[in-house]
Structure formats: C-alpha cells, structure tokens
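Reproduced below: input03.cif, with mmCIF, C-alpha atoms.
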```
data_work
loop_
_atom_site.label_atom_id
_atom_site.label_comp_id
_atom_site.auth_asym_id
_atom_site.auth_seq_id
_atom_site.Cartn_x
_atom_site.Cartn_y
_atom_site.Cartn_z
CA MET A 540 9.19 -2.70 -29.33
CA LYS A 541 7.97 -0.24 -26.75
CA VAL A 542 6.42 -1.69 -23.60
CA ARG A 543 3.47 0.13 -22.09
CA TYR A 544 4.28 1.08 -18.52
CA SER A 545 0.97 2.61 -17.48
CA CYS A 546 -2.68 1.69 -17.74
CA ASP A 547 -4.80 3.49 -20.29
CA LEU A 548 -7.64 3.37 -17.77
CA THR A 549 -9.37 5.74 -15.38
CA HIS A 550 -8.60 5.72 -11.66
CA ALA A 551 -11.99 4.13 -11.01
CA GLN A 552 -11.32 1.37 -13.56
CA ILE A 553 -7.94 0.64 -12.00
CA SER A 554 -9.48 0.49 -8.53
CA THR A 555 -12.18 -1.88 -9.78
CA GLY A 556 -9.57 -4.00 -11.57
CA LEU A 557 -7.48 -4.39 -8.41
CA ARG A 558 -10.52 -5.44 -6.39
CA THR A 559 -11.44 -8.02 -9.03
CA TRP A 560 -7.90 -9.37 -9.23
CA TYR A 561 -7.54 -9.72 -5.46
CA ALA A 562 -10.88 -11.55 -5.39
CA SER A 563 -9.37 -14.19 -7.73
CA LYS A 564 -7.60 -17.34 -6.55
CA VAL A 565 -4.12 -15.88 -7.03
CA GLY A 566 -5.04 -12.58 -5.40
CA ASP A 567 -6.70 -14.27 -2.44
CA ILE A 568 -3.62 -16.37 -1.69
CA LEU A 569 -1.36 -13.35 -2.04
CA LEU A 570 -3.57 -11.20 0.16
CA ASP A 571 -3.39 -13.76 2.96
CA ASP A 572 0.43 -13.61 2.85
CA ILE A 573 0.40 -9.80 2.82
CA GLN A 574 -1.96 -9.73 5.80
CA ILE A 575 0.32 -12.04 7.79
CA GLN A 576 3.23 -9.63 7.26
CA LEU A 577 1.14 -6.58 8.16
CA ASP A 578 -0.13 -8.26 11.31
CA ALA A 579 3.48 -8.72 12.44
CA TRP A 580 4.17 -4.97 12.16
CA LEU A 581 0.93 -3.16 12.96
CA PRO A 582 0.67 -3.94 16.70
CA GLN A 583 4.00 -2.12 17.17
CA ILE A 584 2.75 1.15 15.63
CA PHE A 585 0.82 3.61 17.80
CA GLY A 586 -0.93 6.91 17.26
CA PHE A 587 -4.26 8.62 16.60
CA TYR A 588 -4.85 8.51 12.84
CA ALA A 589 -4.10 5.87 10.19
CA LEU A 590 -4.80 6.30 6.48
CA GLN A 591 -5.12 3.46 3.97
CA ILE A 592 -4.97 4.53 0.32
CA GLY A 593 -6.48 1.86 -1.90
CA TYR A 594 -9.43 -0.37 -0.99
CA LEU A 595 -9.75 -4.00 -2.07
CA GLY A 596 -13.35 -4.79 -1.19
CA HIS A 597 -15.80 -5.13 1.67
CA LYS A 598 -14.18 -8.31 3.05
CA THR A 599 -10.75 -6.71 3.32
CA ASP A 600 -9.46 -4.60 6.21
CA LEU A 601 -5.68 -4.53 5.97
CA LEU A 602 -5.40 -2.46 9.16
CA ILE A 603 -7.68 -4.70 11.21
CA ASN A 604 -4.92 -5.48 13.73
CA SER A 605 -3.67 -1.91 14.03
CA ARG A 606 -3.72 -0.36 17.50
CA ILE A 607 -4.73 2.92 15.87
CA LYS A 608 -8.51 3.07 16.15
CA ARG A 609 -9.19 6.15 14.01
CA ARG A 610 -8.68 4.59 10.58
CA ILE A 611 -9.55 6.29 7.29
CA THR A 612 -9.79 4.55 3.92
CA LEU A 613 -9.30 6.60 0.75
CA ASP A 614 -10.22 5.40 -2.72
CA PHE A 615 -11.67 6.50 -6.05
CA ILE A 616 -14.87 4.44 -5.71
CA GLN A 617 -17.42 4.82 -2.92
CA GLU A 618 -18.22 1.77 -0.83
CA ASN A 619 -19.45 1.28 2.71
CA ASN A 620 -15.96 1.15 4.20
CA VAL A 621 -14.48 3.92 2.05
CA ASN A 622 -14.47 7.10 4.16
CA LEU A 623 -12.96 9.52 1.68
CA LEU A 624 -12.88 10.03 -2.09
CA ALA A 625 -9.77 12.02 -2.98
CA ASN A 626 -6.65 12.05 -5.11
CA PRO A 627 -3.61 10.74 -3.20
CA ASP A 628 -1.33 13.36 -4.76
CA ASN A 629 -3.36 16.13 -3.07
CA LEU A 630 -4.40 14.83 0.34
CA PRO A 631 -6.98 16.91 2.28
CA PHE A 632 -5.07 16.61 5.56
CA GLN A 633 -3.08 19.07 7.61
CA GLU A 634 0.69 18.85 7.91
CA ASP A 635 2.00 16.44 10.53
CA SER A 636 -1.45 14.99 11.20
CA LEU A 637 -1.21 11.27 10.34
CA ASP A 638 0.59 8.58 12.31
CA LEU A 639 0.46 5.80 9.73
CA VAL A 640 -0.13 5.68 5.98
CA LEU A 641 -0.53 2.46 3.99
CA LEU A 642 -0.20 2.60 0.20
CA MET A 643 -1.87 -0.39 -1.47
CA HIS A 644 -0.46 -0.39 -5.02
CA THR A 645 -0.84 3.40 -5.04
CA LEU A 646 2.59 4.00 -6.58
CA ASP A 647 2.17 1.21 -9.15
CA PHE A 648 -0.61 3.13 -10.89
CA ALA A 649 0.36 6.72 -10.10
CA GLU A 650 1.05 9.27 -12.82
CA ASP A 651 3.51 11.00 -10.47
CA PRO A 652 4.64 8.68 -7.62
CA HIS A 653 7.12 11.29 -6.37
CA ARG A 654 4.32 13.77 -5.74
CA ILE A 655 2.37 11.19 -3.76
CA LEU A 656 5.38 10.43 -1.59
CA ARG A 657 5.88 14.16 -0.98
CA GLU A 658 2.25 14.37 0.16
CA ILE A 659 2.85 11.47 2.53
CA ASP A 660 5.92 13.23 3.87
CA ARG A 661 3.90 16.42 4.39
CA THR A 662 1.02 14.78 6.24
CA LEU A 663 2.92 12.26 8.38
CA ILE A 664 4.04 13.32 11.82
CA PRO A 665 7.78 13.11 12.58
CA GLU A 666 8.51 9.45 13.38
CA GLY A 667 5.26 8.48 11.63
CA HIS A 668 5.20 5.24 9.67
CA LEU A 669 4.64 4.44 6.00
CA ILE A 670 3.87 1.00 4.56
CA ILE A 671 4.24 0.51 0.80
CA ILE A 672 2.75 -2.51 -0.95
CA GLY A 673 3.62 -2.85 -4.62
CA PHE A 674 4.56 -5.26 -7.38
CA ASN A 675 8.17 -6.37 -7.74
CA PRO A 676 9.59 -6.36 -11.32
CA ALA A 677 12.44 -8.69 -10.26
CA SER A 678 10.12 -11.66 -9.88
CA VAL A 679 7.95 -14.10 -11.78
CA TYR A 680 5.29 -11.36 -11.63
CA GLY A 681 7.64 -9.08 -13.53
CA VAL A 682 8.08 -11.75 -16.21
CA TRP A 683 4.31 -12.24 -16.34
CA LYS A 684 3.86 -8.51 -16.83
CA LEU A 685 6.08 -8.58 -19.93
CA MET A 686 3.89 -11.33 -21.36
CA GLN A 687 0.72 -9.31 -20.70
CA TRP A 688 1.85 -5.84 -21.80
CA ARG A 689 -0.49 -5.53 -24.81
CA LYS A 690 -3.66 -6.30 -22.90
CA ASN A 691 -4.03 -3.10 -20.85
CA ARG A 692 -5.25 -5.21 -17.98
CA VAL A 693 -4.94 -4.60 -14.25
CA PRO A 694 -2.56 -5.29 -12.58
CA TRP A 695 -0.15 -5.98 -15.44
CA CYS A 696 -0.46 -2.59 -17.10
CA GLY A 697 0.89 -0.77 -14.04
CA ARG A 698 4.45 0.27 -13.28
CA PHE A 699 6.51 -2.13 -11.18
CA TYR A 700 9.29 -0.50 -9.14
CA THR A 701 12.31 -2.29 -7.71
CA SER A 702 12.94 -2.27 -3.99
CA ALA A 703 16.17 -0.35 -4.61
CA ARG A 704 14.33 2.46 -6.40
CA LEU A 705 11.70 2.73 -3.70
CA ARG A 706 14.40 2.86 -1.05
CA ASP A 707 16.19 5.63 -2.95
CA TRP A 708 12.99 7.70 -3.13
CA LEU A 709 12.33 7.20 0.56
CA SER A 710 15.90 8.11 1.48
CA LEU A 711 15.71 11.36 -0.47
CA LEU A 712 12.61 12.32 1.52
CA GLY A 713 14.25 11.48 4.83
CA PHE A 714 12.66 8.11 5.58
CA ASP A 715 14.39 5.15 7.16
CA VAL A 716 13.40 1.69 5.90
CA LEU A 717 12.83 -0.36 9.06
CA ALA A 718 11.85 -3.67 7.49
CA SER A 719 10.81 -5.24 4.21
CA SER A 720 9.69 -8.53 2.75
CA THR A 721 8.38 -10.00 -0.49
CA GLN A 722 5.43 -12.32 -1.00
CA GLY A 723 4.23 -14.40 -3.94
CA PHE A 724 6.76 -16.82 -5.40
CA ARG A 725 4.32 -18.87 -7.48
CA PRO A 726 3.44 -17.88 -11.06
CA PRO A 727 0.12 -16.00 -11.02
CA VAL A 728 -1.79 -18.74 -12.84
CA GLN A 729 -5.53 -18.57 -12.19
CA HIS A 730 -6.01 -22.30 -11.67
CA THR A 731 -6.78 -23.74 -8.25
CA GLY A 732 -5.16 -27.13 -8.90
CA LEU A 733 -1.94 -25.61 -10.23
CA GLN A 734 -1.75 -23.16 -7.37
CA GLN A 735 -2.01 -25.99 -4.87
CA ARG A 736 0.67 -28.03 -6.64
CA MET A 737 3.03 -25.04 -6.69
CA VAL A 738 3.01 -24.54 -2.92
CA ILE A 739 6.53 -25.98 -2.88
CA LEU A 740 7.68 -23.03 -5.02
CA GLU A 741 6.32 -20.63 -2.43
CA LYS A 742 8.17 -22.32 0.40
CA ALA A 743 11.42 -22.74 -1.55
CA GLY A 744 11.35 -19.19 -2.88
CA ALA A 745 10.80 -17.65 0.54
CA ARG A 746 13.75 -19.62 1.87
CA LEU A 747 16.22 -19.46 -1.04
CA VAL A 748 15.46 -16.20 -2.86
CA PRO A 749 13.51 -14.08 -0.35
CA TYR A 750 13.90 -10.88 -2.40
CA LEU A 751 12.26 -12.27 -5.53
CA GLY A 752 8.64 -12.45 -4.42
CA GLY A 753 5.99 -10.82 -6.59
CA ILE A 754 4.99 -8.21 -4.00
CA HIS A 755 7.08 -5.77 -1.95
CA VAL A 756 5.91 -4.97 1.57
CA ILE A 757 8.07 -2.13 2.93
CA LEU A 758 7.88 -0.47 6.34
CA ALA A 759 9.51 2.97 6.63
CA GLN A 760 9.62 5.73 9.23
CA LYS A 761 9.80 9.48 8.75
CA LYS A 762 12.91 10.85 10.43
CA VAL A 763 12.96 13.94 12.62
CA VAL A 764 15.13 16.41 10.72
CA SER A 765 14.59 19.72 12.51
CA LEU A 766 15.21 21.20 15.96
CA THR A 767 11.53 22.06 16.34
CA PRO A 768 10.06 20.23 19.34
CA VAL A 769 8.03 17.23 18.23
CA ARG A 770 4.39 17.21 19.30
CA SER A 771 3.70 14.29 21.61
CA ARG A 772 1.61 11.66 19.85
CA TRP A 773 -0.43 11.34 23.07
CA ILE A 774 -1.72 14.93 22.88
CA PRO A 775 -4.93 14.91 20.81
CA ARG A 776 -4.86 17.09 17.73
CA ARG A 777 -7.63 19.66 17.28
CA SER A 778 -8.22 18.95 13.62
CA LEU A 779 -7.17 16.34 11.08
CA LEU A 780 -8.52 17.67 7.80
CA ALA A 781 -7.29 20.82 6.14
CA GLY A 782 -9.54 23.84 5.64
CA ASN A 783 -13.18 23.52 6.60
CA LEU A 784 -13.64 19.90 5.56
CA THR A 785 -15.56 17.72 7.96
CA GLU A 786 -13.62 14.96 9.63
CA PRO A 787 -14.88 11.56 8.41
CA SER A 788 -16.63 9.18 10.74
CA THR A 789 -14.56 6.04 11.31
CA ARG A 790 -16.77 4.21 13.76
CA LYS A 791 -17.53 1.48 11.25
CA MET A 792 -13.80 0.78 10.90
CA GLU A 793 -13.29 0.13 14.58
CA ARG A 794 -13.25 -3.44 15.76
CA GLY A 795 -13.59 -4.95 19.18
#
```

Mind turning the file's structure into structure tokens?
Amino acid sequence: MKVRYSCDLTHAQISTGLRTWYASKVGDILLDDIQIQLDAWLPQIFGFYALQIGYLGHKTDLLINSRIKRRITLDFIQENNVNLLANPDNLPFQEDSLDLVLLMHTLDFAEDPHRILREIDRTLIPEGHLIIIGFNPASVYGVWKLMQWRKNRVPWCGRFYTSARLRDWLSLLGFDVLASSTQGFRPPVQHTGLQQRMVILEKAGARLVPYLGGIHVILAQKKVVSLTPVRSRWIPRRSLLAGNLTEPSTRKMERG
C-alpha cells in the first residue's frame, strides 16, 4: 500500500482548506496554543521587515505582538490582510532584506521545501530569524494522518516532517535552532464535548512527552558565515522588493 504524501489540490485549495480547518474547534484550540508560544518569542526579535507566508483568515494575525511594524503577509488567495500574492519558492525580495520570516505550514504542502528554505536563506539578513510551524508525524496527528490518507483532505494530505529532519535542513543552510516546542496533544476530534474532556491529555502530554505534540514551532537564526561587514539593522534599507516592484503598503497590519 502506497501512502499519498502530497495533496492533489491547487495552492489556492490548500490555502482555503487550512483556513477552514483552523476555523474548526480543533484548529481554534491549536491556534491559541501556537499564538501563546509565538508571543513568548516575538517581542525579543527586532528589525524593519517581517514576512508571514500563509494566512489563516481575517481574525488571525500571528505577528500581532511583533516589535517589527512593517509586516507583510504572503498567500495564494487575496484577502484584506494579504499584502502579496506570490510563490514562496521565488520570493520577490532582495537579498538580505528581511529580518523575520514565519512559515505557516508552508513546508508541509511544498513541492520543493528545500527550494523554499534556500529562498528564505537568500532574503533573510545575517542574524535574521525564521519561525517554522508545521505538523509533527511523531504524534497523534501523525497517526490521524495515516487514517485519513485516502481522502485528499487538508491538512492530512500534506507532508509531515520530523523535527530532526527540519533541524538537519536548517543546519545545512547555516541556521542555528534557538528554541522549539510542540503543541496539540489531544486527538484532532471535531467534537466540542470530547475536546473539553481531553484537556487532561493536553496537560499530561506537555509535561510527560513534550516532543510529541501535533505541531512543531521552531525558532531559528541565520548565522553570519562571511567576513563581509554586516549591515546594521538600524540603518534603513532603500528598497525591499527586487526589480521595479512596488513595495506593499502595510499600514493596515500595524497595531497600536
């Protein structure tokens, strides 16, 4: 029996499927836990430009507590808070222009995850930060995926990568993993009553088997590998986008 490891869906269908799933009971609970972890890291990351690849809906701003005010959201479907429609394996940004990149399940549904990571490496400044959010195969979510493999349904039709594999890829590109966590220790059953009764599994899992949560949240930093002087992050850059593209307006993403 051959298991399908990728969705037979368009990028737009995958994006829509993720938004729908995170709007469900299971997704909403999981998103709250992810946001708590992000909010612990983001205030410690500074810079001029942050890019989020993958948008989950108009009520969701994963970078809301970032100190970086110029925030760009990239996706395959246009919505009010999506600033840029582009393919993440060919980013329209100059080299060394971004301070922070957040990948929201981008690698899980990528045809070539290595190419996307190389693009991140190209566009991040030295000492820039990368946050990867993805599904963990070594979890109850991984077991659930095996049960759902015939259905070609988001998110179960995507690829789930282990933390060890992601760390290997990052190491090869010259990234240091600064911190990581997993979230989601309850089976992803779409039933409010069952979810409430399984809260004890969430608490016990986080305490006893903290690496077996359904979602990876990984924080990495691009290392400085050359003798070329590093541009100070406090000197404004003349241009963010490559070529003659117009820089997107991010006023609507700013809070406060």

Please evaluate the PyMOL selection byres ((chain A and resi 717-721) around 9) against the structure above and give the resulting residues as a list in words. Ile573, Gln576, Asn675, Ser702, Asp715, Val716, Gln722, Gly723, Phe724, Ala745, Pro749, Tyr750, Leu751, Gly752, Gly753, Ile754, His755, Val756, Ile757, Leu758, Ala759 and Gln760 of chain A

For atom CA of A:His668 and atom CA of A:Ala551, the interatomic separation in Å (one decimal): 26.9 Å

Counting all atoms listed in the file, the residue among A:Trp580, A:Phe648, A:Trp560, A:Phe632 that lies closest to A:Gln729 is A:Trp560

Nearby residues (all atoms listed in the file) at most 12 Å from A:Gly681, same-chain spacing under 2 positions excluded, as a tab-separated table (two decimals) with C-alpha atoms, in the frame of the given file:
```
chain	number	residue	atom	x	y	z
A	544	TYR	CA	4.28	1.08	-18.52
A	673	GLY	CA	3.62	-2.85	-4.62
A	674	PHE	CA	4.56	-5.26	-7.38
A	675	ASN	CA	8.17	-6.37	-7.74
A	676	PRO	CA	9.59	-6.36	-11.32
A	677	ALA	CA	12.44	-8.69	-10.26
A	678	SER	CA	10.12	-11.66	-9.88
A	679	VAL	CA	7.95	-14.10	-11.78
A	683	TRP	CA	4.31	-12.24	-16.34
A	684	LYS	CA	3.86	-8.51	-16.83
A	685	LEU	CA	6.08	-8.58	-19.93
A	686	MET	CA	3.89	-11.33	-21.36
A	687	GLN	CA	0.72	-9.31	-20.70
A	688	TRP	CA	1.85	-5.84	-21.80
A	694	PRO	CA	-2.56	-5.29	-12.58
A	695	TRP	CA	-0.15	-5.98	-15.44
A	696	CYS	CA	-0.46	-2.59	-17.10
A	697	GLY	CA	0.89	-0.77	-14.04
A	698	ARG	CA	4.45	0.27	-13.28
A	699	PHE	CA	6.51	-2.13	-11.18
A	700	TYR	CA	9.29	-0.50	-9.14
A	701	THR	CA	12.31	-2.29	-7.71
A	723	GLY	CA	4.23	-14.40	-3.94
A	724	PHE	CA	6.76	-16.82	-5.40
A	725	ARG	CA	4.32	-18.87	-7.48
A	726	PRO	CA	3.44	-17.88	-11.06
A	727	PRO	CA	0.12	-16.00	-11.02
A	751	LEU	CA	12.26	-12.27	-5.53
A	752	GLY	CA	8.64	-12.45	-4.42
A	753	GLY	CA	5.99	-10.82	-6.59
A	754	ILE	CA	4.99	-8.21	-4.00
```

From atom CA of A:Gly596 to atom CA of A:Asn622 the spacing works out at 13.1 Å

Figure out the distance between atom CA of A:Ile584 and atom CA of A:Asn629, please, to one decimal in Å. 24.7 Å

Name the residues that the PyMOL selection byres ((chain A and resi 645) around 12) pulls out of this structure, and write them as a ChimeraX atom specification. /A:550,553-554,557,591-595,613-615,626-628,640-644,646-656,659,670-674,694,697-700

Using the chain letters and residue numbers of this document, give as a VMD selection string the residues selected by the PyMOL selection byres ((chain A and resi 583) around 12). chain A and resid 577 to 582 584 to 586 604 to 607 639 668 758

Just the selected residues (C-alpha atoms), exported as a short mmCIF file (atom, residue, chain, number, x, y, z; two decimals), keeping the file's coordinate frame, please.
```
data_model
loop_
_atom_site.label_atom_id
_atom_site.label_comp_id
_atom_site.auth_asym_id
_atom_site.auth_seq_id
_atom_site.Cartn_x
_atom_site.Cartn_y
_atom_site.Cartn_z
CA LEU A 577 1.14 -6.58 8.16
CA ASP A 578 -0.13 -8.26 11.31
CA ALA A 579 3.48 -8.72 12.44
CA TRP A 580 4.17 -4.97 12.16
CA LEU A 581 0.93 -3.16 12.96
CA PRO A 582 0.67 -3.94 16.70
CA ILE A 584 2.75 1.15 15.63
CA PHE A 585 0.82 3.61 17.80
CA GLY A 586 -0.93 6.91 17.26
CA ASN A 604 -4.92 -5.48 13.73
CA SER A 605 -3.67 -1.91 14.03
CA ARG A 606 -3.72 -0.36 17.50
CA ILE A 607 -4.73 2.92 15.87
CA LEU A 639 0.46 5.80 9.73
CA HIS A 668 5.20 5.24 9.67
CA LEU A 758 7.88 -0.47 6.34
#
```

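When all atoms listed in the file are used to measure the gap to A:Thr559, the shortest distance among A:Arg706, A:Lys742, A:Lys761, A:Arg692 belongs to A:Arg692.
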
Box in all listed atoms of stretch 560-571 of chain A, axis-aligned, with 6 Å more on each side; write out centre and edge lengths in Å to one decimal as AutoDock Vina command-line options.
```
--center_x -6.1 --center_y -13.4 --center_z -3.1 --size_x 21.5 --size_y 20.0 --size_z 24.2
```

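Across A:Glu741, A:Gln552, A:Asp660, A:Ala625, the tightest approach to A:Ser710 is made by A:Asp660 when counting all atoms listed in the file.
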
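Among A:Val682, A:Leu740, A:Val565, A:Leu779, the residue with the shortest atom-to-atom distance to A:Arg610, counting only C-alpha atoms, is A:Leu779.
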